[in-house]
Structures are given as C-alpha cells and as structure tokens.
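Enquirer: My structure is in coords.tsv, and what it holds is TSV, C-alpha atoms and all ligand atoms:
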chain	number	residue	atom	x	y	z
A	1	MET	CA	-236.27	-39.48	214.22
A	2	LYS	CA	-233.66	-36.88	213.42
A	3	ARG	CA	-231.65	-36.84	210.24
A	4	SER	CA	-228.57	-37.77	212.22
A	5	ALA	CA	-230.22	-41.08	213.13
A	6	PHE	CA	-229.50	-42.25	209.58
A	7	PRO	CA	-225.75	-41.76	209.44
A	8	THR	CA	-224.26	-44.38	207.22
A	9	LEU	CA	-226.91	-45.78	204.96
A	10	ARG	CA	-227.41	-42.76	202.77
A	11	ALA	CA	-230.79	-42.31	204.37
A	12	ILE	CA	-232.84	-39.37	203.32
A	13	ALA	CA	-235.00	-38.29	206.21
A	14	ARG	CA	-237.55	-35.87	204.92
A	15	LYS	CA	-239.91	-34.40	207.42
A	16	THR	CA	-242.34	-32.39	205.41
A	17	SER	CA	-245.14	-32.13	207.89
A	18	SER	CA	-245.50	-31.81	211.63
A	19	ARG	CA	-248.53	-34.08	211.39
A	20	LYS	CA	-247.91	-37.76	211.20
A	21	TYR	CA	-250.06	-37.93	208.05
A	22	PRO	CA	-250.30	-35.44	205.23
A	23	LEU	CA	-253.58	-34.05	204.06
A	24	SER	CA	-253.19	-36.01	200.85
A	25	SER	CA	-253.37	-39.28	202.76
A	26	THR	CA	-256.67	-41.04	202.31
A	27	VAL	CA	-256.72	-42.21	205.90
A	28	VAL	CA	-256.53	-38.69	207.20
A	29	ARG	CA	-260.23	-38.30	206.39
A	30	ASP	CA	-261.02	-40.32	209.45
A	31	CYS	CA	-258.84	-38.62	211.96
A	32	PHE	CA	-258.01	-35.02	211.44
A	33	HIS	CA	-260.30	-33.01	209.28
A	34	SER	CA	-263.30	-34.51	207.63
A	35	LYS	CA	-266.25	-36.07	209.28
A	36	PRO	CA	-266.02	-39.71	210.22
A	37	ALA	CA	-267.57	-41.96	207.56
A	38	HIS	CA	-270.62	-42.59	209.68
A	39	GLU	CA	-270.97	-39.19	211.30
A	40	GLU	CA	-274.18	-38.50	209.46
A	41	GLN	CA	-275.87	-41.58	210.82
A	42	PHE	CA	-277.99	-40.43	213.65
A	43	ILE	CA	-278.97	-42.52	216.59
A	44	THR	CA	-282.57	-43.47	216.15
A	45	GLN	CA	-283.13	-45.64	219.17
A	46	GLY	CA	-284.54	-44.26	222.41
A	47	SER	CA	-287.28	-41.84	223.24
A	48	HIS	CA	-288.00	-38.90	220.94
A	49	ASN	CA	-287.77	-36.69	223.99
A	50	ASP	CA	-284.20	-37.82	224.48
A	51	ILE	CA	-282.07	-35.07	222.90
A	52	ARG	CA	-279.38	-37.70	222.25
A	53	SER	CA	-281.64	-39.43	219.75
A	54	THR	CA	-280.56	-36.79	217.20
A	55	TRP	CA	-276.87	-36.84	218.07
A	56	PRO	CA	-274.36	-38.26	215.62
A	57	ARG	CA	-273.26	-41.68	216.79
A	58	TYR	CA	-269.76	-40.62	217.70
A	59	LEU	CA	-271.01	-38.06	220.21
A	60	MET	CA	-272.63	-40.88	222.16
A	61	SER	CA	-269.24	-42.09	223.19
A	62	GLN	CA	-266.54	-40.24	225.05
A	63	THR	CA	-264.15	-40.00	222.14
A	64	ARG	CA	-264.89	-39.85	218.43
A	65	PRO	CA	-264.05	-42.95	216.40
A	66	ARG	CA	-260.63	-42.95	214.79
A	67	SER	CA	-259.18	-45.20	212.16
A	68	LEU	CA	-256.49	-47.34	213.79
A	69	ILE	CA	-253.81	-46.52	211.20
A	70	THR	CA	-253.93	-42.84	212.15
A	71	CYS	CA	-252.64	-43.70	215.64
A	72	PHE	CA	-249.11	-45.08	215.27
A	73	ASP	CA	-248.59	-46.37	218.77
A	74	ALA	CA	-252.00	-48.04	219.00
A	75	TYR	CA	-251.54	-49.48	215.50
A	76	SER	CA	-248.18	-51.05	216.23
A	77	LYS	CA	-249.43	-52.54	219.55
A	78	SER	CA	-252.50	-53.95	217.78
A	79	LEU	CA	-250.34	-55.36	214.98
A	80	LYS	CA	-248.21	-57.11	217.63
A	81	SER	CA	-251.36	-58.56	219.23
A	82	CYS	CA	-252.44	-59.81	215.83
A	83	HIS	CA	-249.06	-61.46	215.18
A	84	ALA	CA	-249.17	-63.06	218.66
A	85	SER	CA	-252.61	-64.54	217.96
A	86	LEU	CA	-251.67	-66.02	214.60
A	87	GLN	CA	-250.69	-69.64	214.17
A	88	ALA	CA	-246.88	-70.03	214.15
A	89	GLY	CA	-244.99	-69.17	210.98
A	90	ASN	CA	-244.64	-66.21	208.70
A	91	PRO	CA	-247.32	-66.41	205.99
A	92	THR	CA	-245.79	-63.53	204.01
A	93	LEU	CA	-242.42	-65.23	203.68
A	94	GLU	CA	-243.95	-68.66	203.18
A	95	CYS	CA	-246.00	-67.26	200.30
A	96	ILE	CA	-242.91	-65.67	198.75
A	97	LYS	CA	-240.77	-68.79	199.11
A	98	ASP	CA	-243.45	-71.27	198.04
A	99	HIS	CA	-245.04	-69.36	195.18
A	100	VAL	CA	-243.53	-66.01	194.25
A	101	THR	CA	-239.89	-67.01	193.82
A	102	ALA	CA	-240.80	-69.39	191.02
A	103	LEU	CA	-242.60	-66.56	189.20
A	104	ILE	CA	-239.98	-63.86	189.45
A	105	GLY	CA	-236.80	-65.99	189.79
A	106	GLU	CA	-235.82	-65.90	186.14
A	107	TYR	CA	-236.31	-62.16	185.83
A	108	VAL	CA	-234.42	-61.44	189.07
A	109	CYS	CA	-231.52	-63.74	188.11
A	110	SER	CA	-231.07	-62.13	184.73
A	111	ARG	CA	-231.16	-58.65	186.30
A	112	LEU	CA	-228.64	-59.64	188.97
A	113	GLU	CA	-226.19	-60.54	186.22
A	114	ASP	CA	-226.36	-56.94	185.07
A	115	PRO	CA	-223.70	-54.68	186.65
A	116	SER	CA	-226.25	-51.96	187.50
A	117	PRO	CA	-227.92	-52.30	190.94
A	118	PHE	CA	-231.16	-54.24	191.28
A	119	ARG	CA	-233.49	-51.56	192.62
A	120	ILE	CA	-236.37	-52.25	195.00
A	121	LEU	CA	-239.04	-49.88	196.28
A	122	SER	CA	-240.66	-51.10	199.50
A	123	VAL	CA	-243.92	-49.40	200.45
A	124	GLY	CA	-244.82	-49.60	204.16
A	125	SER	CA	-241.69	-51.51	205.10
A	126	GLY	CA	-242.49	-51.62	208.83
A	127	ASP	CA	-239.51	-52.76	210.90
A	128	GLY	CA	-237.91	-54.40	207.86
A	129	LYS	CA	-238.21	-57.98	209.08
A	130	ASN	CA	-239.91	-59.18	205.92
A	131	ASP	CA	-237.94	-56.85	203.68
A	132	LEU	CA	-234.62	-58.19	204.92
A	133	ALA	CA	-235.80	-61.79	204.66
A	134	PHE	CA	-236.89	-61.02	201.09
A	135	LEU	CA	-233.43	-59.60	200.35
A	136	GLU	CA	-231.95	-62.84	201.68
A	137	ILE	CA	-234.13	-64.77	199.21
A	138	LEU	CA	-232.90	-62.56	196.35
A	139	ARG	CA	-229.35	-62.99	197.57
A	140	GLU	CA	-229.76	-66.75	197.32
A	141	LEU	CA	-230.98	-66.30	193.74
A	142	GLY	CA	-227.85	-64.30	193.00
A	143	ARG	CA	-225.46	-66.78	194.63
A	144	GLY	CA	-222.84	-68.19	192.31
A	145	LYS	CA	-222.99	-65.29	189.88
A	146	ASP	CA	-219.61	-64.22	188.58
A	147	ASN	CA	-220.25	-60.55	189.12
A	148	LYS	CA	-220.75	-58.71	192.42
A	149	VAL	CA	-224.48	-58.40	193.13
A	150	HIS	CA	-225.57	-54.92	194.12
A	151	ILE	CA	-229.05	-54.42	195.58
A	152	PHE	CA	-230.50	-51.01	196.35
A	153	GLU	CA	-233.69	-50.66	198.41
A	154	ARG	CA	-235.69	-47.52	199.08
A	155	ALA	CA	-238.03	-48.05	202.03
A	156	ILE	CA	-241.06	-45.84	202.62
A	157	GLU	CA	-242.44	-46.04	206.15
A	158	PRO	CA	-244.24	-43.26	208.07
A	159	ASP	CA	-243.78	-44.78	211.51
A	160	GLU	CA	-240.34	-43.53	212.46
A	161	GLN	CA	-239.96	-46.00	215.30
A	162	MET	CA	-240.49	-48.87	212.88
A	163	LEU	CA	-238.07	-47.33	210.41
A	164	GLY	CA	-235.52	-46.94	213.21
A	165	MET	CA	-235.72	-50.68	213.87
A	166	PHE	CA	-235.26	-51.36	210.18
A	167	LEU	CA	-232.23	-49.08	210.13
A	168	ALA	CA	-230.63	-50.96	213.06
A	169	LYS	CA	-231.19	-54.33	211.35
A	170	ALA	CA	-229.86	-52.98	208.06
A	171	GLU	CA	-226.73	-51.69	209.81
A	172	HIS	CA	-226.25	-55.11	211.31
A	173	LEU	CA	-226.60	-56.74	207.90
A	174	ARG	CA	-224.18	-54.27	206.37
A	175	GLU	CA	-221.61	-54.97	209.10
A	176	SER	CA	-221.98	-58.72	208.67
A	177	LEU	CA	-221.30	-58.33	204.96
A	178	GLU	CA	-218.39	-55.94	205.41
A	179	GLY	CA	-215.74	-56.78	202.86
A	180	SER	CA	-217.96	-59.26	201.03
A	181	VAL	CA	-216.84	-59.53	197.46
A	182	SER	CA	-220.07	-61.04	196.19
A	183	ILE	CA	-222.86	-58.76	197.42
A	184	GLU	CA	-223.54	-55.20	198.47
A	185	PHE	CA	-226.75	-53.70	199.87
A	186	GLU	CA	-227.59	-50.03	199.86
A	187	PHE	CA	-230.62	-48.52	201.64
A	188	ASP	CA	-232.47	-45.28	201.26
A	189	PHE	CA	-234.92	-44.76	204.15
A	190	ARG	CA	-237.87	-42.43	203.68
A	191	PRO	CA	-239.75	-41.64	206.90
A	192	THR	CA	-242.94	-40.59	205.17
A	193	THR	CA	-246.25	-41.89	203.88
A	194	TYR	CA	-246.52	-43.34	200.42
A	195	GLN	CA	-248.93	-40.50	199.50
A	196	GLU	CA	-246.40	-37.85	200.46
A	197	TYR	CA	-243.62	-39.67	198.67
A	198	ALA	CA	-245.65	-40.09	195.47
A	199	VAL	CA	-246.43	-36.39	195.04
A	200	GLN	CA	-242.73	-35.58	195.36
A	201	LYS	CA	-241.60	-38.09	192.75
A	202	THR	CA	-239.78	-36.38	189.91
A	203	LYS	CA	-239.28	-37.57	186.33
A	204	THR	CA	-235.54	-37.75	186.81
A	205	ASP	CA	-235.70	-39.84	190.01
A	206	VAL	CA	-234.50	-43.42	189.99
A	207	LYS	CA	-236.67	-46.17	188.41
A	208	PHE	CA	-237.13	-49.49	190.14
A	209	ASP	CA	-236.97	-53.11	189.03
A	210	LEU	CA	-239.36	-54.30	191.70
A	211	VAL	CA	-241.92	-52.55	193.90
A	212	HIS	CA	-243.43	-54.43	196.80
A	213	PHE	CA	-246.38	-53.94	199.09
A	214	PHE	CA	-246.17	-56.49	201.90
A	215	HIS	CA	-249.54	-55.95	203.59
A	216	SER	CA	-249.31	-52.22	203.01
A	217	LEU	CA	-251.49	-51.56	199.97
A	218	TYR	CA	-254.33	-51.14	202.48
A	219	TYR	CA	-252.79	-47.82	203.53
A	220	ALA	CA	-251.23	-46.66	200.26
A	221	ASP	CA	-254.51	-47.18	198.37
A	222	LEU	CA	-255.22	-48.71	194.98
A	223	GLU	CA	-254.07	-45.70	192.94
A	224	ALA	CA	-250.60	-46.54	194.21
A	225	LEU	CA	-250.56	-49.49	191.81
A	226	GLU	CA	-251.03	-47.24	188.79
A	227	HIS	CA	-248.51	-44.70	190.05
A	228	CYS	CA	-245.92	-47.41	190.67
A	229	TYR	CA	-246.51	-49.10	187.32
A	230	GLU	CA	-246.21	-45.82	185.40
A	231	LYS	CA	-243.74	-43.79	187.45
A	232	GLU	CA	-241.70	-46.07	189.68
A	233	LEU	CA	-240.97	-49.03	187.40
A	234	GLY	CA	-238.72	-48.61	184.41
A	235	THR	CA	-239.62	-50.12	181.05
A	236	LYS	CA	-239.43	-53.56	182.65
A	237	GLY	CA	-240.32	-54.55	186.19
A	238	VAL	CA	-242.51	-56.27	188.70
A	239	ILE	CA	-245.01	-55.18	191.34
A	240	LEU	CA	-245.47	-57.68	194.13
A	241	CYS	CA	-248.49	-57.38	196.43
A	242	ILE	CA	-248.96	-59.61	199.43
A	243	ILE	CA	-252.51	-59.01	200.54
A	244	GLN	CA	-255.43	-60.71	202.25
A	245	ARG	CA	-257.61	-62.85	200.06
A	246	GLU	CA	-261.25	-62.31	199.26
A	247	GLY	CA	-262.38	-65.12	201.59
A	248	SER	CA	-260.36	-63.84	204.55
A	249	ALA	CA	-262.32	-62.99	207.69
A	250	VAL	CA	-261.19	-59.34	207.69
A	251	ALA	CA	-262.17	-58.81	204.02
A	252	LYS	CA	-265.59	-60.31	204.79
A	253	TYR	CA	-265.93	-57.98	207.76
A	254	GLY	CA	-265.26	-55.01	205.44
A	255	ARG	CA	-267.94	-56.15	202.99
A	256	GLU	CA	-270.52	-56.73	205.69
A	257	PHE	CA	-270.00	-53.52	207.66
A	258	SER	CA	-269.27	-51.08	204.85
A	259	PRO	CA	-272.97	-50.60	203.96
A	260	GLN	CA	-273.67	-50.04	207.66
A	261	GLY	CA	-271.24	-47.12	207.84
A	262	LEU	CA	-268.98	-48.83	210.35
A	263	ILE	CA	-265.83	-48.87	208.24
A	264	LEU	CA	-263.48	-46.00	209.06
A	265	ASN	CA	-260.72	-46.84	206.61
A	266	PRO	CA	-262.08	-48.74	203.58
A	267	GLY	CA	-258.60	-49.47	202.20
A	268	ALA	CA	-257.83	-51.65	205.22
A	269	PHE	CA	-260.32	-54.18	203.87
A	270	TYR	CA	-258.95	-54.49	200.33
A	271	SER	CA	-258.31	-57.98	199.12
A	272	ASN	CA	-256.65	-59.64	196.14
A	273	ARG	CA	-259.85	-59.02	194.16
A	274	GLN	CA	-259.38	-55.22	194.06
A	275	VAL	CA	-255.77	-55.66	192.91
A	276	LYS	CA	-256.84	-58.00	190.10
A	277	ASP	CA	-259.56	-55.51	189.11
A	278	VAL	CA	-256.96	-52.75	188.74
A	279	ALA	CA	-254.65	-55.03	186.72
A	280	GLU	CA	-257.50	-56.11	184.43
A	281	LYS	CA	-258.80	-52.56	183.97
A	282	ASN	CA	-255.32	-51.51	182.82
A	283	GLY	CA	-254.67	-54.59	180.69
A	284	TRP	CA	-251.61	-55.53	182.76
A	285	LYS	CA	-250.13	-58.99	182.78
A	286	TYR	CA	-250.43	-60.53	186.23
A	287	VAL	CA	-250.32	-63.85	188.04
A	288	GLU	CA	-252.16	-64.67	191.21
A	289	CYS	CA	-250.77	-67.08	193.83
A	290	SER	CA	-252.99	-69.19	196.01
A	291	GLY	CA	-251.08	-68.01	199.10
A	292	GLU	CA	-251.16	-69.24	202.66
A	293	SER	CA	-253.80	-69.48	205.38
A	294	LYS	CA	-253.27	-69.13	209.10
A	295	THR	CA	-255.71	-69.43	211.95
A	296	CYS	CA	-255.98	-66.52	214.34
A	297	ASP	CA	-257.08	-67.11	217.93
A	298	ILE	CA	-259.62	-64.37	218.63
A	299	THR	CA	-260.94	-65.72	221.95
A	300	ALA	CA	-259.66	-62.66	223.84
A	301	ILE	CA	-261.70	-60.15	221.84
A	302	PHE	CA	-264.83	-61.32	223.67
A	303	ASP	CA	-263.27	-60.49	227.04
A	304	ALA	CA	-263.78	-56.76	227.70
A	305	SER	CA	-261.13	-56.81	230.44
A	306	SER	CA	-258.39	-58.19	228.19
A	307	GLN	CA	-255.97	-55.52	226.94
A	308	GLU	CA	-254.60	-57.91	224.33
A	309	GLY	CA	-258.17	-58.76	223.29
A	310	ASN	CA	-259.09	-55.09	222.88
A	311	ARG	CA	-255.98	-54.47	220.79
A	312	LEU	CA	-256.81	-57.42	218.59
A	313	LEU	CA	-260.39	-56.23	218.25
A	314	ASP	CA	-259.04	-52.85	217.13
A	315	PHE	CA	-256.84	-54.57	214.56
A	316	VAL	CA	-259.53	-56.73	212.98
A	317	THR	CA	-261.94	-53.77	212.79
A	318	HIS	CA	-259.19	-51.19	211.98
A	319	TRP	CA	-260.85	-48.95	214.54
A	320	ALA	CA	-258.87	-47.46	217.43
A	321	ASP	CA	-260.39	-48.26	220.81
A	322	VAL	CA	-263.51	-49.66	219.21
A	323	ARG	CA	-264.84	-51.05	222.48
A	324	ALA	CA	-264.93	-47.58	224.01
A	325	THR	CA	-265.97	-45.53	220.99
A	326	ALA	CA	-268.55	-47.66	219.18
A	327	SER	CA	-272.15	-47.46	220.34
A	328	GLY	CA	-273.34	-50.44	222.39
A	329	ASN	CA	-275.50	-51.61	219.53
A	330	ASP	CA	-272.70	-51.45	216.96
A	331	LEU	CA	-270.28	-53.20	219.30
A	332	ARG	CA	-272.76	-56.04	219.78
A	333	LYS	CA	-273.12	-56.39	215.99
A	334	ILE	CA	-269.36	-56.37	215.53
A	335	LEU	CA	-268.75	-59.01	218.21
A	336	LYS	CA	-271.60	-61.11	216.80
A	337	PHE	CA	-269.93	-61.07	213.39
A	338	TRP	CA	-266.66	-62.37	214.85
A	339	GLU	CA	-268.49	-64.92	216.94
A	340	ASN	CA	-270.26	-66.26	213.84
A	341	GLU	CA	-267.08	-66.17	211.77
A	342	SER	CA	-265.09	-68.17	214.32
A	343	VAL	CA	-264.95	-71.89	214.91
A	344	ASP	CA	-264.26	-73.60	218.21
A	345	ASP	CA	-260.95	-75.46	218.13
A	346	GLY	CA	-262.33	-78.13	220.49
A	347	HIS	CA	-260.53	-76.66	223.52
A	348	GLY	CA	-262.71	-73.57	223.93
A	349	LYS	CA	-260.63	-71.32	221.67
A	350	LYS	CA	-262.35	-69.31	218.96
A	351	GLU	CA	-260.42	-69.22	215.71
A	352	VAL	CA	-260.86	-67.44	212.40
A	353	THR	CA	-258.92	-68.06	209.21
A	354	MET	CA	-256.74	-65.35	207.74
A	355	ARG	CA	-256.09	-66.08	204.07
A	356	MET	CA	-253.25	-64.31	202.33
A	357	GLY	CA	-252.10	-64.38	198.77
A	358	ALA	CA	-249.85	-62.66	196.28
A	359	ILE	CA	-250.48	-60.88	193.05
A	360	VAL	CA	-247.46	-60.39	190.82
A	361	ILE	CA	-247.85	-57.74	188.11
A	362	PHE	CA	-245.38	-57.80	185.22
A	363	LYS	CA	-244.41	-54.81	183.11
A	364	GLY	CA	-242.58	-55.13	179.80
A	365	MET	CA	-242.19	-58.90	179.88
B	1	LIG	C1	-249.16	-54.50	208.25
B	1	LIG	S1	-247.77	-53.48	208.36
B	1	LIG	C2	-246.68	-54.33	207.24
B	1	LIG	C3	-245.24	-54.02	207.51
B	1	LIG	C4	-244.23	-54.79	206.65
B	1	LIG	N1	-244.41	-54.53	205.24
B	1	LIG	C5	-244.29	-56.27	206.93
B	1	LIG	O1	-244.49	-57.04	206.00
B	1	LIG	O2	-244.10	-56.65	208.09
B	1	LIG	C6	-248.22	-52.05	207.40
B	1	LIG	C7	-247.17	-50.96	207.40
B	1	LIG	O3	-247.61	-49.89	206.55
B	1	LIG	C8	-247.24	-48.69	207.17
B	1	LIG	N2	-248.10	-47.59	206.66
B	1	LIG	C9	-249.22	-47.08	207.22
B	1	LIG	N3	-249.70	-46.08	206.48
B	1	LIG	C10	-248.87	-45.93	205.43
B	1	LIG	C11	-248.84	-45.05	204.32
B	1	LIG	N4	-249.78	-44.12	204.15
B	1	LIG	N5	-247.83	-45.18	203.43
B	1	LIG	C12	-246.87	-46.13	203.59
B	1	LIG	N6	-246.87	-47.01	204.62
B	1	LIG	C13	-247.85	-46.90	205.53
B	1	LIG	C14	-247.46	-48.95	208.64
B	1	LIG	O4	-246.78	-48.01	209.45
B	1	LIG	C15	-246.93	-50.36	208.77
B	1	LIG	O5	-245.58	-50.39	209.07
What do you get writing this file as structure tokens?
Ligand SMILES: C[S@@+](CC[C@H](N)C(=O)[O-])C[C@H]1O[C@@H](n2cnc3c(N)ncnc32)[C@H](O)[C@@H]1O

Expert:
Amino acid sequence: MKRSAFPTLRAIARKTSSRKYPLSSTVVRDCFHSKPAHEEQFITQGSHNDIRSTWPRYLMSQTRPRSLITCFDAYSKSLKSCHASLQAGNPTLECIKDHVTALIGEYVCSRLEDPSPFRILSVGSGDGKNDLAFLEILRELGRGKDNKVHIFERAIEPDEQMLGMFLAKAEHLRESLEGSVSIEFEFDFRPTTYQEYAVQKTKTDVKFDLVHFFHSLYYADLEALEHCYEKELGTKGVILCIIQREGSAVAKYGREFSPQGLILNPGAFYSNRQVKDVAEKNGWKYVECSGESKTCDITAIFDASSQEGNRLLDFVTHWADVRATASGNDLRKILKFWENESVDDGHGKKEVTMRMGAIVIFKGM
C-alpha cells in the first residue's frame, strides 16, 4: 500500500523494511534466517544405509516448513477457512458485550466525559471488523453525554491488504457520521508489525487509555504486555486481551507438540494462562472473563484433496502447507491428535471446541 492510499484519515504509512517482517519479529525465526525449531531433529527411521536417515526432517519434504503467520496470503486464506468452519456468531464481540463491557464501562464512561480524546491502540487490527464493532460499543457507552465524544484509534497491522480493508470501512464510518455533533472518530493506520512499532516508540509519543489485542497477542508476543503497560498506557488505562483459553483445542495442541519439536511459532499457542502469569509476575490488577466457546467443524482436515481442509489444517497447526511439508510420520501424529480431540456431531461431522476468553488488565485504578 502506498502512502497515498491513506488520504484522509491522517494515516501514517511507514514502510521501514522491504521484508514483510522485521528481523526483530519473533516469528521471523521460522521463515527467513534461523533454523526451523525442529531442524536439528534428524530422521531416525529407515535403513542406516539410507543417506536420508541423517537428513534434517525438513529436507525430506520438497519445501522447508514455514510458520503460517510469515506467509500473509496463506494466513489470511486459512483464517477465512477457520471462520467459515466455526459455529455461527462472533465470539470476540460476544465476549466483549457479555463480559468486558461491565468491567470497563465505568472507566470508559468517565473518560468519555473528558474533553480530551479517548485513545485506543489496536494491535493486529486485521480488517477492522472487530475494531469498528468495538468502537460502536464504546459509542453506545458515550451516548447521551453532554459533550462531543472524540475517539482516536491507532491501528497496527502488518498485512497491508487487511489494513486497506479497515481503511475503507473507516472511511465509510466517517462519511456516515459527517456533521455529527455528538461523536468524532480519528484513525492512525500503521502498516507494520507490533515489534517494529514498539522499537520506534518515543517518550514523547501519545499515551493510550486502552490497548487491545483481539486474537493478536499470539504474534506480538508476551513482552508486548509489559511494553504496553509501561510505555503505551498513561498513568491510568486498560489492556484488553481476547485470547484462546487454556482448555481450547489449539492450546492443547501446542502443549502436546511443543516437546516434539513440531511447533514453528510457539506464540500462536498462547492461552489466557500465559497472560495471567505475566500479570501476576508484575503484580498488576487484572480480571479474567469466562469467555465464549464455539465448535469448529474440522471434518475437512482429514480429506487430503480438500483445499479448505488443508487451509484449516494449516491454521490449527500454524504451519504453512503442513500436509506437504511435514514428514509422513509427523502428519499422521498431527491428524491423530485432531481425530482424538474431535467429537462426532451425530451426522458424521467432526467437531472441536474453541474456547476464548478475555483478560482485562487495569493500570492506576
Ligand atoms: C487472528 S487475526 C485477528 C485480527 C483482528 N484483531 C480481529 O479480531 O479480527 C491476527 C492479526 O494479527 C496480525 N499480525 C500478525 N503478525 C503481527 C505482528 N507481528 N504484529 C501485529 N499484528 C500482527 C495479522 O496480520 C492478523 O491480522
């Protein structure tokens, strides 16, 4: 995306690297420079005379394994397949409406009465669908206030196509509110990774009232929580993380396969437990919400000829083209895990449960 693609929303398009990910990104380990996490595991099956018995696993397949998040196009297709396989509804928004609003409502309302803008930092905003729905929820909280409510959001998103979609939706929102006397939104789009953004943060830069990670902490990493608490929030503020729960099928997959060296991007398997650990280690005040559960129909992942199934398999393993790049033995183990994790819905469909929850961290209150 060129700078000119952000004409009216005061977008700051910083392209600091020709690579999609900077070297400081943790996920880059898997794709560009370092050895894959399991490169050192040598194939031990087969005859000793077979030269391949001493090859690293990834050389057994045509392409080396890559973490899914390092491949934008494949990631966004896999994410779509995941959304299409999930039970109807939007668990992120349901969790916010049913649990989070009650926790942050008072704080947000009192801040919205203040003439200075309510400032939000969104990490990994994607196409903005959830961000804009969240802004609508805040707008409802601000309804009926005597003063004009002004909300400023800075959105960090490395996938420029996603950010472009967000921009279009934000333009639409801005046009629909044109002339509104009660509310004003301002956006600042940053087409970059969180890691790149964080190293450029200066002391004099704006401080935020709320930082959110809607299913994005997996890619920003846990240190992002400490950075945001110390450097992005002002003296008072909230960090809101929507993340999978400990008992979720994907988190379990991470725990089971990590010791076997089959996890390319460990952050992708974080759960609410790691967030609570960081909050407790730092002595931060936090509240955990029970969150929402959705079933995910994974029947197609067992069908090698299904493109949708292969994309979904990539998403739940966070491994790009896992069917083609994992060894036969590893693929069997992976499929066995998902088979065991799933339950038959009575009509031949295999379903797993995705459990999501929220952790709200409070600073200065
Ligand atoms: C699961 S999606 C969630 C998108 C959005 N927050 C939502 O709720 O729909 C994760 C998003 O994080 C973005 N992402 C990936 N790596 C990132 C990084 N290093 N820093 C910030 N965002 C990243 C992805 O491009 C993707 O849009």

Enquirer: Name the residues, using the chain letters and numbers of the file, that sit within 6 Å of (-224.1, -61.7, 186.5) when counting all atoms listed in the file, and give them as an NGL selection string.

Expert: :A and (112-114 or 145-147)

Enquirer: Mind running range 226-308 of chain A against range 323-345 of chain A at 9 Å and telling me each contacting residue's nearest atom pair with the distance in Å (one decimal), counting only C-alpha atoms, chain and number ascending, as a tab-separated table?

Expert:
residue	atom	partner	partner_atom	distance
A:Ala249	CA	A:Glu341	CA	7.0
A:Tyr253	CA	A:Phe337	CA	7.6
A:Glu256	CA	A:Phe337	CA	8.9
A:Phe257	CA	A:Ile334	CA	8.4
A:Leu262	CA	A:Asp330	CA	8.0
A:Asp297	CA	A:Ser342	CA	8.8
A:Ile298	CA	A:Ser342	CA	7.9
A:Ile301	CA	A:Leu335	CA	8.0
A:Phe302	CA	A:Leu335	CA	7.1
A:Ala304	CA	A:Arg323	CA	7.8

Enquirer: Show me which residues line ligand LIG 1 (chain B), defined as having an atom within 9 Å of a ligand atom where all atoms listed in the file count, and present them as a PyMOL selection string.

Expert: chain A and resi 21-22+25-27+69-70+72+75-76+79+92-93+122-131+156-160+162-163+192-197+212-221+242

Enquirer: Near Pro266 in chain A, counting all atoms listed in the file, which residues have an atom at most 9 Å away, once you skip same-chain residues fewer than 2 positions from it, shown as a list in words?

Expert: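 My reading of the contact set: Val27, Tyr218, Gly254, Ser258, Ile263, Leu264, Ala268, Phe269 and Tyr270 of chain A.
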
Enquirer: Between CA of His150 in chain A and CA of His99 in chain A, what distance in Å does the model show, to one decimal?

Expert: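 Between these atoms lies a distance of 24.3 Å.
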
Enquirer: Might you pull out every residue within 10 Å of Leu135 in chain A, with all atoms listed in the file counted and same-chain residues fewer than 3 positions away left off, and present them as a short mmCIF file (atom, residue, chain, number, x, y, z; two decimals) with C-alpha atoms, keeping the file's coordinate frame?

Expert:
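Full text of part_30.cif as output:
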data_model
loop_
_atom_site.label_atom_id
_atom_site.label_comp_id
_atom_site.auth_asym_id
_atom_site.auth_seq_id
_atom_site.Cartn_x
_atom_site.Cartn_y
_atom_site.Cartn_z
CA ILE A 120 -236.37 -52.25 195.00
CA ASN A 130 -239.91 -59.18 205.92
CA ASP A 131 -237.94 -56.85 203.68
CA LEU A 132 -234.62 -58.19 204.92
CA LEU A 138 -232.90 -62.56 196.35
CA ARG A 139 -229.35 -62.99 197.57
CA GLU A 140 -229.76 -66.75 197.32
CA LEU A 141 -230.98 -66.30 193.74
CA ILE A 151 -229.05 -54.42 195.58
CA PHE A 152 -230.50 -51.01 196.35
CA GLU A 153 -233.69 -50.66 198.41
CA PHE A 185 -226.75 -53.70 199.87
#

Enquirer: Which one is closest to Phe362 in chain A: A:Asp303, A:Asp209, A:Glu308, A:Asp277? Count all atoms listed in the file.

Expert: A:Asp209

Enquirer: So how many Å separate CA of Asn272 in chain A and CA of Glu288 in chain A, to one decimal?

Expert: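 Computing the Euclidean distance for CA of Asn272 in chain A and CA of Glu288 in chain A yields 8.4 Å.
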
Enquirer: Can you tell me, as an mmCIF file with C-alpha atoms, in the frame of the given file, what residues are no more than 10 Å from Asp205 in chain A when counting only C-alpha atoms, ignoring any on the same chain fewer than 5 positions away?

Expert:
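The result, stored in selection26.cif:
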data_model
loop_
_atom_site.group_PDB
_atom_site.id
_atom_site.type_symbol
_atom_site.label_atom_id
_atom_site.label_comp_id
_atom_site.auth_asym_id
_atom_site.auth_seq_id
_atom_site.Cartn_x
_atom_site.Cartn_y
_atom_site.Cartn_z
ATOM 1 C CA GLN A 200 -242.730 -35.580 195.360
ATOM 2 C CA LYS A 231 -243.740 -43.790 187.450
ATOM 3 C CA GLU A 232 -241.700 -46.070 189.680
#

Enquirer: Provide the CA of Val352 in chain A to CA of Leu222 in chain A distance in Å, to one decimal place.

Expert: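 Computing the Euclidean distance for CA of Val352 in chain A and CA of Leu222 in chain A yields 26.2 Å.
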
Enquirer: So, counting all atoms listed in the file, which residue among A:Val316, A:Glu292, A:Glu106, A:Ser306 is closest to Gln87 in chain A?

Expert: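 Between A:Val316, A:Glu292, A:Glu106, A:Ser306, the residue approaching Gln87 in chain A most closely is A:Glu292.
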
Enquirer: Using all atoms listed in the file, which residue out of A:Gly309, A:Met354, A:Ala279, A:Tyr107 lies closest to Val322 in chain A?

Expert: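 With all atoms listed in the file as the atom set, the closest residue is A:Gly309.
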